[in-house]
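Undergrad: So here's model12.cif, just mmCIF, C-alpha atoms:
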```cif
data_model
#
loop_
_atom_site.label_atom_id
_atom_site.label_comp_id
_atom_site.auth_asym_id
_atom_site.auth_seq_id
_atom_site.Cartn_x
_atom_site.Cartn_y
_atom_site.Cartn_z
CA MET A 116 0.00 0.00 0.00
CA LYS A 117 1.50 3.33 -1.07
CA LYS A 118 0.94 6.72 0.49
CA SER A 119 1.33 10.10 -1.12
CA ILE A 120 4.49 12.09 -0.29
CA PRO A 121 4.56 15.90 -0.63
CA CYS A 122 6.56 16.86 -3.74
CA ASP A 123 8.89 19.03 -1.69
CA MET A 124 9.85 15.93 0.32
CA ALA A 125 10.57 13.89 -2.80
CA TYR A 126 14.31 14.52 -2.63
CA ARG A 127 14.41 12.48 0.58
CA LEU A 128 13.39 9.41 -1.39
CA ILE A 129 16.57 9.49 -3.49
CA ASN A 130 18.92 11.40 -1.19
CA HIS A 131 20.90 8.32 -0.16
CA GLY A 132 21.75 7.32 -3.72
CA PRO A 133 19.60 4.30 -4.64
CA VAL A 134 19.49 2.69 -8.07
CA ILE A 135 16.39 3.73 -10.01
CA LEU A 136 14.07 2.10 -12.52
CA VAL A 137 13.00 4.83 -14.95
CA SER A 138 9.69 4.13 -16.62
CA THR A 139 8.35 5.83 -19.75
CA LEU A 140 5.48 5.68 -22.23
CA TYR A 141 6.31 6.66 -25.79
CA ARG A 142 3.93 6.19 -28.74
CA GLY A 143 1.89 3.77 -26.69
CA LYS A 144 4.90 1.65 -25.75
CA ARG A 145 5.84 1.26 -22.08
CA ASN A 146 9.47 0.83 -21.13
CA VAL A 147 11.65 0.57 -18.03
CA CYS A 148 15.40 1.10 -17.67
CA THR A 149 17.90 0.96 -14.80
CA ILE A 150 19.95 4.05 -13.97
CA ALA A 151 22.22 5.09 -11.11
CA TRP A 152 23.09 8.63 -12.14
CA VAL A 153 20.45 10.80 -10.52
CA THR A 154 20.49 13.51 -7.87
CA PRO A 155 18.08 15.96 -6.31
CA VAL A 156 18.63 19.52 -7.57
CA ASP A 157 16.06 21.06 -5.24
CA SER A 158 13.42 19.65 -2.91
CA ASP A 159 11.16 18.91 -5.90
CA LEU A 160 13.67 18.97 -8.78
CA VAL A 161 15.85 16.12 -10.02
CA ALA A 162 18.68 15.73 -12.51
CA LEU A 163 19.26 12.41 -14.22
CA VAL A 164 21.61 11.12 -16.85
CA VAL A 165 20.51 8.57 -19.43
CA SER A 166 22.76 7.34 -22.24
CA GLU A 167 21.61 8.76 -25.56
CA GLU A 168 21.86 5.25 -26.97
CA ASN A 169 19.03 4.13 -24.69
CA TYR A 170 15.46 3.93 -25.90
CA THR A 171 14.58 5.64 -22.61
CA PHE A 172 16.58 8.71 -23.65
CA ARG A 173 14.44 9.17 -26.74
CA SER A 174 11.24 8.43 -24.81
CA ILE A 175 11.98 11.12 -22.22
CA ARG A 176 13.09 13.68 -24.80
CA GLU A 177 10.01 13.17 -26.97
CA THR A 178 7.36 12.93 -24.22
CA GLY A 179 8.90 15.17 -21.55
CA GLU A 180 7.81 12.75 -18.84
CA PHE A 181 9.05 9.80 -16.83
CA VAL A 182 8.76 8.12 -13.44
CA LEU A 183 11.64 7.36 -11.08
CA ASN A 184 10.79 4.09 -9.33
CA ILE A 185 12.87 2.85 -6.40
CA PRO A 186 13.42 -0.93 -6.27
CA ASP A 187 14.34 -2.78 -3.10
CA ARG A 188 16.89 -5.58 -2.95
CA SER A 189 14.36 -8.28 -3.72
CA LEU A 190 14.18 -6.88 -7.27
CA VAL A 191 17.91 -7.12 -8.00
CA LYS A 192 17.55 -9.64 -10.85
CA LYS A 193 14.93 -7.48 -12.54
CA VAL A 194 17.10 -4.41 -12.02
CA VAL A 195 20.00 -6.11 -13.82
CA ILE A 196 17.74 -7.23 -16.69
CA CYS A 197 16.35 -3.70 -17.07
CA GLY A 198 19.91 -2.35 -17.15
CA SER A 199 21.27 -4.74 -19.74
CA VAL A 200 18.56 -5.20 -22.39
CA SER A 201 17.28 -2.53 -24.79
CA GLY A 202 13.55 -1.89 -24.66
CA GLU A 203 13.32 -0.88 -28.27
CA ALA A 204 12.52 -4.33 -29.65
CA CYS A 205 10.80 -5.95 -26.66
CA ASP A 206 8.50 -5.28 -23.72
CA LYS A 207 10.91 -5.07 -20.81
CA PHE A 208 8.11 -5.03 -18.24
CA SER A 209 7.09 -8.50 -19.44
CA MET A 210 10.65 -9.70 -19.88
CA ALA A 211 11.63 -8.69 -16.33
CA GLY A 212 8.32 -9.74 -14.77
CA LEU A 213 7.36 -6.23 -13.70
CA THR A 214 3.88 -4.72 -13.55
CA SER A 215 2.94 -1.30 -14.91
CA VAL A 216 0.20 0.66 -13.18
CA ARG A 217 -1.25 4.06 -13.92
CA ALA A 218 0.51 7.09 -12.45
CA ARG A 219 -1.39 10.03 -10.97
CA ARG A 220 0.02 12.98 -12.91
CA VAL A 221 1.94 11.65 -15.92
CA ALA A 222 1.20 9.20 -18.74
CA ALA A 223 4.34 7.15 -18.00
CA PRO A 224 3.45 4.15 -15.80
CA LEU A 225 4.61 3.30 -12.30
CA VAL A 226 6.52 0.06 -11.66
CA LYS A 227 4.16 -1.50 -9.14
CA GLU A 228 6.76 -3.73 -7.43
CA CYS A 229 8.91 -0.73 -6.44
CA ILE A 230 8.72 0.86 -2.98
CA ALA A 231 8.54 4.50 -4.10
CA HIS A 232 7.74 6.58 -7.16
CA LEU A 233 8.58 10.10 -8.29
CA GLU A 234 6.47 11.27 -11.25
CA CYS A 235 8.49 13.81 -13.20
CA VAL A 236 7.98 16.38 -15.97
CA LEU A 237 10.94 17.90 -17.82
CA ILE A 238 11.81 21.53 -17.27
CA LYS A 239 11.34 23.29 -20.60
CA GLY A 240 14.23 24.94 -22.38
CA GLU A 241 16.97 22.57 -21.22
CA GLU A 242 17.24 20.51 -24.42
CA ARG A 243 20.89 21.51 -24.83
CA LEU A 244 21.80 19.71 -21.59
CA ALA A 245 20.32 16.51 -22.98
CA ARG A 246 22.26 16.93 -26.22
CA GLU A 247 25.57 17.79 -24.56
CA TYR A 248 25.53 15.75 -21.38
CA ASN A 249 22.57 13.34 -21.70
CA LEU A 250 21.30 15.26 -18.67
CA PHE A 251 17.63 15.91 -17.94
CA ILE A 252 16.29 18.31 -15.31
CA ALA A 253 12.73 17.61 -14.22
CA ARG A 254 10.15 18.67 -11.68
CA VAL A 255 8.52 16.12 -9.39
CA VAL A 256 4.75 16.51 -9.82
CA ALA A 257 3.67 13.57 -7.62
CA ALA A 258 5.45 11.19 -5.26
CA SER A 259 4.50 8.16 -3.21
CA ALA A 260 6.15 5.50 -1.05
CA GLU A 261 5.24 2.22 0.61
CA LYS A 262 3.48 2.83 3.92
CA GLY A 263 5.61 2.13 6.95
CA LEU A 264 8.95 2.27 5.13
CA PHE A 265 9.19 6.04 4.68
CA THR A 266 7.95 8.69 7.09
CA THR A 267 10.02 11.85 6.70
CA ARG A 268 12.97 9.59 5.83
CA TRP A 269 13.61 5.94 4.90
CA ASN A 270 13.77 3.45 7.74
CA VAL A 271 16.54 1.37 6.16
CA ARG A 272 16.51 -1.10 9.05
CA LEU A 273 13.33 -2.60 7.61
CA PRO A 274 13.98 -5.43 5.12
CA ARG A 275 11.65 -3.96 2.49
CA ALA A 276 13.44 -0.58 2.69
CA LYS A 277 16.81 -2.05 1.62
CA THR A 278 17.46 -0.10 -1.56
CA LEU A 279 20.19 -1.05 -4.06
CA HIS A 280 23.30 1.11 -4.44
CA HIS A 281 25.37 0.45 -7.54
CA LEU A 282 29.04 -0.36 -6.94
CA GLY A 283 29.81 -1.30 -10.56
CA GLY A 284 29.05 -4.19 -12.88
CA ASN A 285 26.31 -6.32 -11.36
CA VAL A 286 27.41 -5.58 -7.79
CA PHE A 287 25.29 -3.55 -5.38
CA ALA A 288 25.45 -2.48 -1.76
CA VAL A 289 22.41 -2.24 0.49
CA PRO A 290 22.02 0.21 3.38
CA SER A 291 22.18 -1.18 6.87
CA GLY A 292 22.28 0.54 10.24
CA ARG A 293 21.30 4.12 10.62
CA ILE A 294 23.73 6.48 12.27
CA VAL A 295 22.12 9.31 14.18
CA LYS A 296 24.59 12.02 15.04
CA MET B 235 47.97 5.34 1.93
CA LYS B 236 46.16 6.51 -1.20
CA LYS B 237 46.57 5.23 -4.72
CA SER B 238 45.79 7.03 -7.94
CA ILE B 239 42.57 6.09 -9.74
CA PRO B 240 42.18 6.68 -13.50
CA CYS B 241 39.88 9.68 -14.08
CA ASP B 242 37.55 7.60 -16.23
CA MET B 243 36.97 5.32 -13.21
CA ALA B 244 36.21 8.23 -10.91
CA TYR B 245 32.43 7.81 -11.27
CA ARG B 246 32.73 4.48 -9.48
CA LEU B 247 33.84 6.31 -6.34
CA ILE B 248 30.51 8.14 -6.03
CA ASN B 249 28.19 5.80 -7.94
CA HIS B 250 26.55 4.41 -4.79
CA GLY B 251 25.53 7.82 -3.47
CA PRO B 252 27.83 8.70 -0.56
CA VAL B 253 27.82 12.00 1.28
CA ILE B 254 30.67 14.26 0.16
CA LEU B 255 32.93 16.82 1.80
CA VAL B 256 33.59 19.51 -0.82
CA SER B 257 36.83 21.39 -0.24
CA THR B 258 37.78 24.71 -1.80
CA LEU B 259 40.45 27.41 -1.67
CA TYR B 260 39.28 30.95 -2.33
CA ARG B 261 41.45 34.02 -1.83
CA GLY B 262 43.83 31.96 0.28
CA LYS B 263 41.08 30.67 2.54
CA ARG B 264 40.47 26.91 2.73
CA ASN B 265 36.96 25.66 3.35
CA VAL B 266 35.04 22.40 3.54
CA CYS B 267 31.30 21.77 3.26
CA THR B 268 29.03 18.70 3.38
CA ILE B 269 26.81 17.93 0.38
CA ALA B 270 24.68 14.99 -0.69
CA TRP B 271 23.47 16.18 -4.07
CA VAL B 272 26.03 14.91 -6.54
CA THR B 273 25.98 12.46 -9.43
CA PRO B 274 28.31 11.27 -12.16
CA VAL B 275 27.38 12.71 -15.56
CA ASP B 276 29.99 10.70 -17.45
CA SER B 277 32.90 8.50 -16.41
CA ASP B 278 34.99 11.61 -15.63
CA LEU B 279 32.27 14.28 -15.28
CA VAL B 280 30.24 15.14 -12.19
CA ALA B 281 27.27 17.36 -11.42
CA LEU B 282 26.82 18.79 -7.95
CA VAL B 283 24.40 21.13 -6.31
CA VAL B 284 25.51 23.62 -3.66
CA SER B 285 23.15 26.15 -2.09
CA GLU B 286 23.91 29.64 -3.34
CA GLU B 287 23.85 30.78 0.28
CA ASN B 288 26.93 28.67 1.02
CA TYR B 289 30.40 30.14 1.06
CA THR B 290 31.39 27.05 -0.95
CA PHE B 291 29.08 28.12 -3.78
CA ARG B 292 30.94 31.41 -4.16
CA SER B 293 34.32 29.69 -3.81
CA ILE B 294 33.57 27.24 -6.62
CA ARG B 295 32.06 29.90 -8.89
CA GLU B 296 35.01 32.25 -8.46
CA THR B 297 37.86 29.73 -8.60
CA GLY B 298 36.36 27.10 -10.93
CA GLU B 299 37.84 24.32 -8.79
CA PHE B 300 36.99 22.03 -5.91
CA VAL B 301 37.66 18.57 -4.52
CA LEU B 302 35.03 15.94 -3.72
CA ASN B 303 36.28 14.04 -0.66
CA ILE B 304 34.51 10.89 0.52
CA PRO B 305 34.28 10.45 4.30
CA ASP B 306 33.74 7.09 5.96
CA ARG B 307 31.43 6.53 8.93
CA SER B 308 34.11 7.33 11.48
CA LEU B 309 33.91 10.97 10.35
CA VAL B 310 30.17 11.39 10.90
CA LYS B 311 30.52 14.08 13.60
CA LYS B 312 32.83 16.12 11.38
CA VAL B 313 30.45 15.64 8.45
CA VAL B 314 27.59 17.09 10.49
CA ILE B 315 29.70 20.04 11.64
CA CYS B 316 30.77 20.77 8.05
CA GLY B 317 27.12 20.64 6.98
CA SER B 318 25.75 22.96 9.64
CA VAL B 319 28.28 25.78 10.08
CA SER B 320 29.19 28.45 7.51
CA GLY B 321 32.85 28.65 6.62
CA GLU B 322 32.72 32.34 5.85
CA ALA B 323 33.69 33.53 9.32
CA CYS B 324 35.74 30.59 10.60
CA ASP B 325 38.19 27.90 9.53
CA LYS B 326 36.01 24.82 9.30
CA PHE B 327 38.98 22.50 8.89
CA SER B 328 40.17 23.54 12.35
CA MET B 329 36.70 23.61 13.82
CA ALA B 330 35.91 20.07 12.63
CA GLY B 331 39.39 18.72 13.32
CA LEU B 332 40.16 17.96 9.67
CA THR B 333 43.51 18.19 7.91
CA SER B 334 44.08 19.86 4.54
CA VAL B 335 46.77 18.48 2.26
CA ARG B 336 47.90 19.56 -1.17
CA ALA B 337 46.02 18.17 -4.17
CA ARG B 338 47.78 17.04 -7.35
CA ARG B 339 46.02 19.06 -10.02
CA VAL B 340 43.98 21.81 -8.33
CA ALA B 341 44.70 24.50 -5.75
CA ALA B 342 41.81 23.38 -3.54
CA PRO B 343 43.08 21.07 -0.77
CA LEU B 344 42.25 17.44 -0.10
CA VAL B 345 40.65 16.42 3.21
CA LYS B 346 43.30 14.00 4.41
CA GLU B 347 41.02 11.94 6.69
CA CYS B 348 38.72 10.99 3.78
CA ILE B 349 39.04 7.67 1.94
CA ALA B 350 38.86 9.05 -1.62
CA HIS B 351 39.26 12.30 -3.51
CA LEU B 352 38.06 13.61 -6.88
CA GLU B 353 39.87 16.78 -7.97
CA CYS B 354 37.51 18.73 -10.22
CA VAL B 355 37.59 21.70 -12.60
CA LEU B 356 34.39 23.42 -13.76
CA ILE B 357 33.30 23.04 -17.35
CA LYS B 358 33.38 26.50 -18.87
CA GLY B 359 30.25 28.16 -20.20
CA GLU B 360 27.79 26.64 -17.72
CA GLU B 361 27.43 29.65 -15.42
CA ARG B 362 23.70 29.83 -16.13
CA LEU B 363 23.18 26.43 -14.50
CA ALA B 364 24.81 27.70 -11.31
CA ARG B 365 22.61 30.80 -11.37
CA GLU B 366 19.37 28.97 -12.10
CA TYR B 367 19.79 25.65 -10.30
CA ASN B 368 22.90 26.03 -8.08
CA LEU B 369 24.25 23.25 -10.33
CA PHE B 370 27.90 22.87 -11.28
CA ILE B 371 29.24 20.51 -13.97
CA ALA B 372 32.91 19.67 -13.61
CA ARG B 373 35.59 17.41 -15.04
CA VAL B 374 37.58 15.09 -12.78
CA VAL B 375 41.26 15.85 -13.42
CA ALA B 376 42.72 13.55 -10.74
CA ALA B 377 41.33 10.90 -8.40
CA SER B 378 42.65 8.72 -5.61
CA ALA B 379 41.38 6.27 -3.02
CA GLU B 380 42.64 4.46 0.05
CA LYS B 381 44.58 1.35 -0.94
CA GLY B 382 42.76 -1.88 -0.30
CA LEU B 383 39.30 -0.32 -0.05
CA PHE B 384 38.72 0.37 -3.76
CA THR B 385 39.93 -1.75 -6.66
CA THR B 386 37.58 -1.30 -9.61
CA ARG B 387 34.78 -0.82 -7.07
CA TRP B 388 34.33 -0.21 -3.36
CA ASN B 389 34.59 -3.21 -1.07
CA VAL B 390 31.89 -2.02 1.32
CA ARG B 391 32.34 -5.05 3.55
CA LEU B 392 35.51 -3.47 4.92
CA PRO B 393 34.90 -1.25 7.97
CA ARG B 394 36.90 1.65 6.53
CA ALA B 395 34.86 1.56 3.28
CA LYS B 396 31.58 2.26 5.07
CA THR B 397 30.52 5.50 3.42
CA LEU B 398 27.72 7.71 4.75
CA HIS B 399 24.42 7.99 2.86
CA HIS B 400 22.18 10.86 3.89
CA LEU B 401 18.65 9.92 4.92
CA GLY B 402 17.68 13.38 6.20
CA GLY B 403 18.50 15.57 9.18
CA ASN B 404 21.49 14.13 10.98
CA VAL B 405 20.61 10.54 10.06
CA PHE B 406 22.74 8.45 7.71
CA ALA B 407 22.77 4.91 6.38
CA VAL B 408 25.94 2.93 5.77
CA PRO B 409 26.34 0.25 3.08
CA SER B 410 26.55 -3.33 4.23
CA GLY B 411 26.54 -6.57 2.28
CA ARG B 412 27.27 -6.62 -1.41
CA ILE B 413 24.78 -8.29 -3.68
CA VAL B 414 26.30 -9.87 -6.75
CA LYS B 415 23.71 -10.73 -9.36
#
```
Let me see the file written as structure tokens.
TA:
Amino acid sequence: MKKSIPCDMAYRLINHGPVILVSTLYRGKRNVCTIAWVTPVDSDLVALVVSEENYTFRSIRETGEFVLNIPDRSLVKKVVICGSVSGEACDKFSMAGLTSVRARRVAAPLVKECIAHLECVLIKGEERLAREYNLFIARVVAASAEKGLFTTRWNVRLPRAKTLHHLGGNVFAVPSGRIVK
Amino acid sequence: MKKSIPCDMAYRLINHGPVILVSTLYRGKRNVCTIAWVTPVDSDLVALVVSEENYTFRSIRETGEFVLNIPDRSLVKKVVICGSVSGEACDKFSMAGLTSVRARRVAAPLVKECIAHLECVLIKGEERLAREYNLFIARVVAASAEKGLFTTRWNVRLPRAKTLHHLGGNVFAVPSGRIVK
């Protein structure tokens, strides 16, 4: 069960650096792709980098929309599949065994199995950044997270809140103990 | 003991989303500041966001240089100090008990106690991004990491390789087990 998160709290969902499944809908075709290169830019703004060779790059550029979905460690096999296969010639949702559900504010679907979602709309006028750096800047227009895992921050002690953090290749770390200064 | 890392492997140092200590040197004054909003943009390019109210923002804009230093969990108190005090009127290195040492390719100092360093030079012509989004894009011109902790990726099982991942407020996660798909 997911609960809505205020957009100006959305940065807290990705602040600790989890791997992301980016979902898109382009010309009626859903797609999902793994990325690690994303950061908050403001409380409700994100920057993400997607290789221009990826089908997802074209989907975002043409539609101006996408969803950042946060997988937990139980989805690691699906995360690797979504990061190693192109979605141009297949349905990666089906191939990876993921479920698409309707988002609230964008046409791109949510990845149901993920523990949080940030629905995003590109900031207009930044096309040059995509051309030069494969970099997109987008506003979060809706956000949600699994009830009980995220209050004002992730409770990473809970097994379902163990996000994946990309170390390289097919190797990931997961967050453990919280340190409270 | 630190070893040199090829610049095109530098993204692997920050790929998993650790908190960063950004160090600068501006008009002879060293400074250090905690940030969480950073991502690779390419193998040897980074994007980072620094509040325009921070002394570090002005230091980077005026000098075009900075170092991303990666602290491990043993430095959490210093990380919180560097994230909550302005360096304009004090020497934060002294205040936090951190040591500055000379970098290889930039005038900004390294934070000796950190386990890795990315020496960075701003990409020219992107001043508008700093004005509009507090966003800097920079090239890594030298990188190094503590021997034994990082080969082609972090070995987060080692106690000294436990980076800090910001959950919000003064609460951080640390990476534990590696998952190899």
Undergrad: Please report, as CSV, each residue of chain A lying at most 6 Å from chain B, together with the nearest pair of atoms and the separation in Å rounded to one decimal; use only C-alpha atoms, and order rows by chain and ascending residue number.
TA:
```
residue,atom,partner,partner_atom,distance
A:His131,CA,B:His399,CA,4.6
A:Gly132,CA,B:Gly251,CA,3.8
A:Trp152,CA,B:Thr273,CA,5.5
A:Val153,CA,B:Thr273,CA,5.9
A:Thr154,CA,B:Trp271,CA,5.5
A:Pro155,CA,B:Trp271,CA,5.8
A:Arg268,CA,B:Leu401,CA,5.8
A:His280,CA,B:His250,CA,4.6
A:His281,CA,B:His250,CA,5.0
A:Leu282,CA,B:Arg387,CA,5.8
A:Asn285,CA,B:Lys415,CA,5.5
A:Val286,CA,B:Val414,CA,4.6
A:Phe287,CA,B:Ile413,CA,5.1
A:Ala288,CA,B:Arg412,CA,4.5
A:Val289,CA,B:Pro409,CA,5.3
A:Pro290,CA,B:Pro409,CA,4.3
A:Ser291,CA,B:Ser410,CA,5.5
A:Gly292,CA,B:Ala407,CA,5.9
A:Arg293,CA,B:Ala407,CA,4.6
A:Ile294,CA,B:Phe406,CA,5.1
A:Val295,CA,B:Val405,CA,4.6
A:Lys296,CA,B:Asn404,CA,5.5
```
Undergrad: Can you tell me which residues surround Gly179 of chain A at a distance of at most 9 Å, considering all atoms listed in the file, apart from same-chain residues fewer than 5 positions away, and format the answer as a list in words?
TA: Ser174, Cys235, Val236, Leu237, Ile238, Lys239 and Ala253 of chain A
Undergrad: List the spatial neighbours of segment 335-337 of chain B as JSON, numbers by chain - criterion: any atom at most 9 Å away, only C-alpha atoms, same-chain residues fewer than 2 positions off excluded.
TA: {"B": [301, 333, 339, 340, 341, 342, 343, 344, 345, 346, 351, 353, 376]}
Undergrad: Based on the selection just made, write C-alpha atoms of those residues as a CSV table (one decimal), in the coordinates of the input.
TA:
```
chain,number,residue,atom,x,y,z
B,301,VAL,CA,37.7,18.6,-4.5
B,333,THR,CA,43.5,18.2,7.9
B,339,ARG,CA,46.0,19.1,-10.0
B,340,VAL,CA,44.0,21.8,-8.3
B,341,ALA,CA,44.7,24.5,-5.8
B,342,ALA,CA,41.8,23.4,-3.5
B,343,PRO,CA,43.1,21.1,-0.8
B,344,LEU,CA,42.2,17.4,-0.1
B,345,VAL,CA,40.6,16.4,3.2
B,346,LYS,CA,43.3,14.0,4.4
B,351,HIS,CA,39.3,12.3,-3.5
B,353,GLU,CA,39.9,16.8,-8.0
B,376,ALA,CA,42.7,13.6,-10.7
```
Undergrad: Report the residues retrieved by the PyMOL selection byres ((chain B and resi 289) around 9) from the displayed file, expressed as JSON, numbers by chain.
TA: {"B": [265, 267, 285, 286, 287, 288, 290, 291, 292, 293, 294, 320, 321, 322]}
Undergrad: Please identify all polymer residues within 8 Å of segment 377-382 of chain B, counting all atoms listed in the file, omitting same-chain residues fewer than 6 positions from it, and present them as an MDAnalysis selection string.
TA: chainID B and resid 235:241 244 349:353
Undergrad: Determine the residue membership of the PyMOL selection byres ((chain B and resi 325) around 12) for the file above and supply it as a ChimeraX atom specification.
TA: /B:257-259,262-267,289,315-316,319-324,326-334
Undergrad: Which of these residues is nearest to Glu177 of chain A, using all atoms listed in the file: A:Ala245, A:Cys229, A:Ile150, A:Val137?
TA: A:Ala245
Undergrad: Could you check how far atom CA of Thr149 of chain A sits from atom CA of Val256 of chain A, in Å to one decimal?
TA: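 So the answer is 21.0 Å.
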Undergrad: Around (9.4, -2.8, 5.5), as given in the file, which residues come within 7 Å? Count only C-alpha atoms and list them as a ChimeraX atom specification.
TA: /A:263-264,273-276
Undergrad: What separation in Å, quoted to one decimal, exists between atom CA of Phe265 of chain A and atom CA of Pro305 of chain B?
TA: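 Separation of atom CA of Phe265 of chain A and atom CA of Pro305 of chain B: 25.5 Å.
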Undergrad: Work out how far atom CA of Gly359 of chain B is from atom CA of Ser277 of chain B, in Å to one decimal.
TA: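 We find that atom CA of Ser277 of chain B and atom CA of Gly359 of chain B lie 20.2 Å from each other.
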Undergrad: Let me make sure I understand: among A:Glu242, A:Asp123, A:Glu228, A:Glu247, which one has the smallest atom-to-atom distance to Asn184 of chain A if we use only C-alpha atoms?
TA: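 Nearest to Asn184 of chain A: A:Glu228.
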